[in-house]
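With mmCIF, C-alpha atoms inside, this is start12.cif:
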```
data_my_file
#
loop_
_atom_site.label_atom_id
_atom_site.label_comp_id
_atom_site.auth_asym_id
_atom_site.auth_seq_id
_atom_site.Cartn_x
_atom_site.Cartn_y
_atom_site.Cartn_z
CA MET A 1 -136.14 116.68 104.83
CA SER A 2 -133.46 117.56 102.30
CA TYR A 3 -131.79 120.94 102.29
CA ARG A 4 -133.32 121.73 98.86
CA SER A 5 -136.82 120.90 100.10
CA PHE A 6 -136.30 123.03 103.16
CA VAL A 7 -135.13 126.00 101.06
CA VAL A 8 -137.95 125.68 98.53
CA LEU A 9 -140.57 125.38 101.28
CA THR A 10 -139.08 128.33 103.16
CA ALA A 11 -139.03 130.52 100.04
CA LEU A 12 -142.60 129.58 99.17
CA GLY A 13 -143.71 130.15 102.75
CA LEU A 14 -142.21 133.64 102.71
CA ALA A 15 -143.75 134.41 99.34
CA LEU A 16 -147.14 133.18 100.46
CA GLY A 17 -146.98 134.74 103.92
CA ALA A 18 -149.53 137.35 103.01
CA CYS A 19 -152.03 134.59 102.27
CA SER A 20 -152.93 134.49 105.94
CA GLN A 21 -154.71 137.79 105.36
CA PRO A 22 -158.24 137.85 103.93
CA PRO A 23 -158.29 138.07 100.11
CA VAL A 24 -157.84 141.56 98.75
CA VAL A 25 -159.60 142.83 95.63
CA GLY A 26 -157.23 142.64 92.67
CA THR A 27 -155.05 139.75 93.84
CA SER A 28 -156.38 137.33 91.24
CA GLU A 29 -155.13 137.21 87.71
CA GLN A 30 -158.20 139.16 86.63
CA PRO A 31 -157.60 142.85 87.24
CA ALA A 32 -159.99 144.65 89.53
CA THR A 33 -161.07 148.06 88.42
CA SER A 34 -162.51 149.62 91.56
CA GLY A 35 -160.93 150.44 94.86
CA LEU A 36 -157.38 150.10 93.60
CA LYS A 37 -154.74 152.77 94.00
CA SER A 38 -153.14 154.32 90.96
CA GLY A 39 -149.45 153.81 90.28
CA GLU A 40 -148.72 157.35 91.40
CA GLN A 41 -150.69 156.88 94.63
CA VAL A 42 -148.75 153.71 95.44
CA TYR A 43 -145.49 155.47 94.60
CA GLN A 44 -146.36 158.39 96.89
CA ASN A 45 -147.44 156.09 99.75
CA VAL A 46 -144.94 153.23 99.49
CA CYS A 47 -142.15 153.61 96.95
CA ILE A 48 -141.10 157.21 97.42
CA ALA A 49 -138.99 156.58 100.53
CA CYS A 50 -136.40 154.63 98.53
CA HIS A 51 -137.08 155.48 94.88
CA SER A 52 -136.88 159.25 95.36
CA THR A 53 -133.56 159.12 97.22
CA GLY A 54 -131.82 156.04 95.83
CA VAL A 55 -131.61 154.33 99.24
CA ALA A 56 -129.98 150.88 98.99
CA ASN A 57 -129.18 151.66 95.34
CA ALA A 58 -132.88 151.80 94.38
CA PRO A 59 -133.30 153.32 90.91
CA LYS A 60 -134.69 156.81 91.34
CA SER A 61 -137.98 157.57 89.68
CA GLY A 62 -137.32 159.85 86.71
CA ASP A 63 -133.71 158.69 86.27
CA GLY A 64 -133.83 157.45 82.69
CA GLU A 65 -130.20 156.39 82.74
CA ARG A 66 -130.67 154.05 85.72
CA TRP A 67 -133.99 152.72 84.43
CA ARG A 68 -132.77 152.08 80.86
CA GLU A 69 -131.40 148.61 81.70
CA LEU A 70 -134.48 147.72 83.74
CA ILE A 71 -136.80 148.85 80.96
CA ALA A 72 -134.87 146.61 78.55
CA GLU A 73 -135.51 143.60 80.83
CA GLY A 74 -139.23 144.01 80.28
CA GLN A 75 -142.23 144.98 82.34
CA SER A 76 -143.22 141.51 83.54
CA VAL A 77 -139.68 140.61 84.64
CA VAL A 78 -138.97 143.86 86.48
CA THR A 79 -142.37 143.83 88.16
CA ALA A 80 -142.10 140.17 89.24
CA HIS A 81 -138.59 140.61 90.63
CA GLY A 82 -139.64 143.65 92.63
CA TRP A 83 -142.79 141.88 93.83
CA VAL A 84 -140.73 138.96 95.16
CA GLY A 85 -138.03 141.30 96.50
CA LEU A 86 -134.48 141.83 95.38
CA ARG A 87 -131.26 143.27 96.74
CA GLY A 88 -132.32 145.75 99.46
CA MET A 89 -135.96 145.83 98.42
CA PRO A 90 -138.36 143.75 100.50
CA PRO A 91 -141.18 141.81 98.82
CA ARG A 92 -144.11 144.03 97.82
CA GLY A 93 -141.98 147.05 98.65
CA GLY A 94 -142.48 146.21 102.31
CA GLN A 95 -146.26 146.73 102.07
CA PRO A 96 -147.89 143.31 102.65
CA ASP A 97 -151.44 144.43 101.86
CA LEU A 98 -150.50 145.81 98.45
CA THR A 99 -152.09 143.91 95.56
CA LEU A 100 -150.05 142.73 92.60
CA GLU A 101 -152.06 145.00 90.33
CA GLU A 102 -151.35 148.07 92.47
CA PHE A 103 -147.67 147.15 92.73
CA ALA A 104 -147.50 146.66 88.94
CA ARG A 105 -149.16 150.04 88.41
CA ALA A 106 -146.50 151.69 90.59
CA VAL A 107 -143.66 150.00 88.69
CA ALA A 108 -145.23 151.08 85.38
CA TRP A 109 -145.62 154.63 86.69
CA MET A 110 -141.96 154.82 87.77
CA ALA A 111 -140.81 153.36 84.45
CA ARG A 112 -142.95 155.86 82.51
CA SER A 113 -141.47 158.70 84.57
CA SER A 114 -138.09 157.41 83.44
CA GLY A 115 -138.82 157.17 79.71
CA ALA A 116 -140.66 153.85 79.24
CA THR A 117 -143.99 153.43 77.50
CA TRP A 118 -145.27 150.80 79.94
CA GLN A 119 -149.00 150.71 80.49
CA ASP A 120 -150.89 149.78 83.64
CA PRO A 121 -151.33 146.00 83.73
CA ASP A 122 -154.24 144.16 82.18
CA ALA A 123 -155.20 140.52 82.83
CA ALA A 124 -152.69 139.18 80.28
CA LEU A 125 -149.79 141.14 81.75
CA LEU A 126 -150.73 140.12 85.30
CA ALA A 127 -150.64 136.49 84.17
CA GLU A 128 -147.15 137.04 82.68
CA ILE A 129 -146.01 138.64 85.93
CA ARG A 130 -147.30 135.65 87.92
CA LYS A 131 -145.32 133.29 85.65
CA GLU A 132 -142.19 135.38 86.15
CA GLU A 133 -142.84 135.43 89.89
CA LYS A 134 -142.85 131.62 90.02
CA LYS A 135 -139.64 131.45 87.97
CA ARG A 136 -137.96 133.99 90.23
CA ILE A 137 -138.91 132.12 93.41
CA GLU A 138 -137.47 128.92 91.92
CA GLU A 139 -134.26 130.76 90.89
CA LEU A 140 -133.85 132.12 94.39
CA ALA A 141 -134.43 128.70 95.93
CA ASN A 142 -131.80 127.18 93.63
CA LYS A 143 -129.28 129.91 94.50
CA LEU A 144 -129.63 129.10 98.19
CA GLN A 145 -128.49 125.53 97.65
CA PRO A 146 -124.88 124.81 98.52
CA ASP A 147 -122.62 123.86 95.60
CA ASP A 148 -121.37 120.76 97.42
CA ALA A 149 -123.80 117.94 96.60
CA SER A 150 -122.62 116.04 99.68
CA TYR A 151 -123.75 118.86 101.99
CA LYS A 152 -126.21 117.67 104.63
CA PRO A 153 -127.66 120.22 107.06
#
```
Output the file's structure in the form of structure tokens.
Amino acid sequence: MSYRSFVVLTALGLALGACSQPPVVGTSEQPATSGLKSGEQVYQNVCIACHSTGVANAPKSGDGERWRELIAEGQSVVTAHGWVGLRGMPPRGGQPDLTLEEFARAVAWMARSSGATWQDPDAALLAEIRKEEKKRIEELANKLQPDDASYKP
């Protein structure tokens, strides 16, 4: 198996690790409307530990200055990158049973508290987030490849 194949399969395996759990309402591209937590509830239960204190350089909720650049990147991009995990943030904020819709609601809630006009996700936005998620996983897999084409693990 080539190094690239190994990296891509590893990244996909990590991203799909939660698939071993039974399906959770709201994980499809169609948003579920019942039984889901609000963005504020998810923030209070999951995100607050880092996003209220700035741990690992997490942008604090309500800090419009820190969120300005993120808001400019767009809701689907910021949500997808956080969902996959970035810098010190683990995928799904470290909460494996969180649905994409709940996670997206929390990101929208934090962005709104910091000056954005982001709405909770609908089916179209969830589909955009899924596309961005796939692109981000591919970007991460490509970054893990060594620059030397002759490299053989």
Report as a JSON list (two decimals) with C-alpha atoms, in the coordinates of the input all protein, DNA and RNA residues lying within 10 Å of Lys37 in chain A, evaluated on only C-alpha atoms, omitting residues in the same chain fewer than 6 positions from it.
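Resulting contents of selection-v5.json:
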```
[["chain", "number", "residue", "atom", "x", "y", "z"],
["A", 43, "TYR", "CA", -145.49, 155.47, 94.60],
["A", 45, "ASN", "CA", -147.44, 156.09, 99.75],
["A", 98, "LEU", "CA", -150.50, 145.81, 98.45],
["A", 99, "THR", "CA", -152.09, 143.91, 95.56],
["A", 101, "GLU", "CA", -152.06, 145.00, 90.33],
["A", 102, "GLU", "CA", -151.35, 148.07, 92.47],
["A", 103, "PHE", "CA", -147.67, 147.15, 92.73],
["A", 105, "ARG", "CA", -149.16, 150.04, 88.41],
["A", 106, "ALA", "CA", -146.50, 151.69, 90.59]]
```
Subject >> Selection under test: the PyMOL selection byres ((chain A and resi 62) around 7); residues as a PyMOL selection string >> reply: chain A and resi 60-61+63-64+110+113-114
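Rounded to one decimal, CA of Gly93 in chain A and CA of Lys131 in chain A lie 19.2 Å from each other.
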Subject >> CA of Gly82 in chain A to CA of Trp118 in chain A, distance in Å rounded to a single decimal >> reply: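 According to the coordinates, CA of Gly82 in chain A and CA of Trp118 in chain A are separated by 15.6 Å.
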Original post:
With distances taken over only C-alpha atoms, which of A:Cys47, A:Val42, A:Val55, A:Val77 is nearest to Arg130 in chain A?
Top reply: A:Val77
Original post:
Counting all atoms listed in the file, which of A:Gln41, A:Trp67, A:Ala49, A:Gly85 gets nearest to Gly115 in chain A?
Top reply: A:Trp67
Subject >> A:Thr117, A:Arg112, A:Gly94, A:Leu86 ranked by distance to Asn57 in chain A, top pick (using all atoms listed in the file) >> reply: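 Of A:Thr117, A:Arg112, A:Gly94, A:Leu86, the one nearest Asn57 in chain A is A:Leu86, counting all atoms listed in the file.
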Subject >> Gap from CA of Lys134 in chain A to CA of Trp83 in chain A - Å, one decimal >> reply: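 Result for CA of Lys134 in chain A versus CA of Trp83 in chain A: 10.9 Å, one decimal.
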Original post:
Which residue gives the smallest distance to Leu70 in chain A among A:Val84, A:Ala116, A:His51, A:Gln44, with only C-alpha atoms counted?
Top reply: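 Going through A:Val84, A:Ala116, A:His51, A:Gln44 one by one, the smallest distance to Leu70 in chain A is for A:Ala116.
Nearest to Asp120 in chain A of all the residues A:Ala56, A:Ile137, A:Leu100, A:Met89 is A:Leu100, based on all atoms listed in the file.
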Subject >> Counting all atoms listed in the file, the option among A:Arg92, A:Leu126, A:Glu138, A:Ala111 closest to Ala72 in chain A >> reply: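 Between A:Arg92, A:Leu126, A:Glu138, A:Ala111, the residue approaching Ala72 in chain A most closely is A:Ala111.
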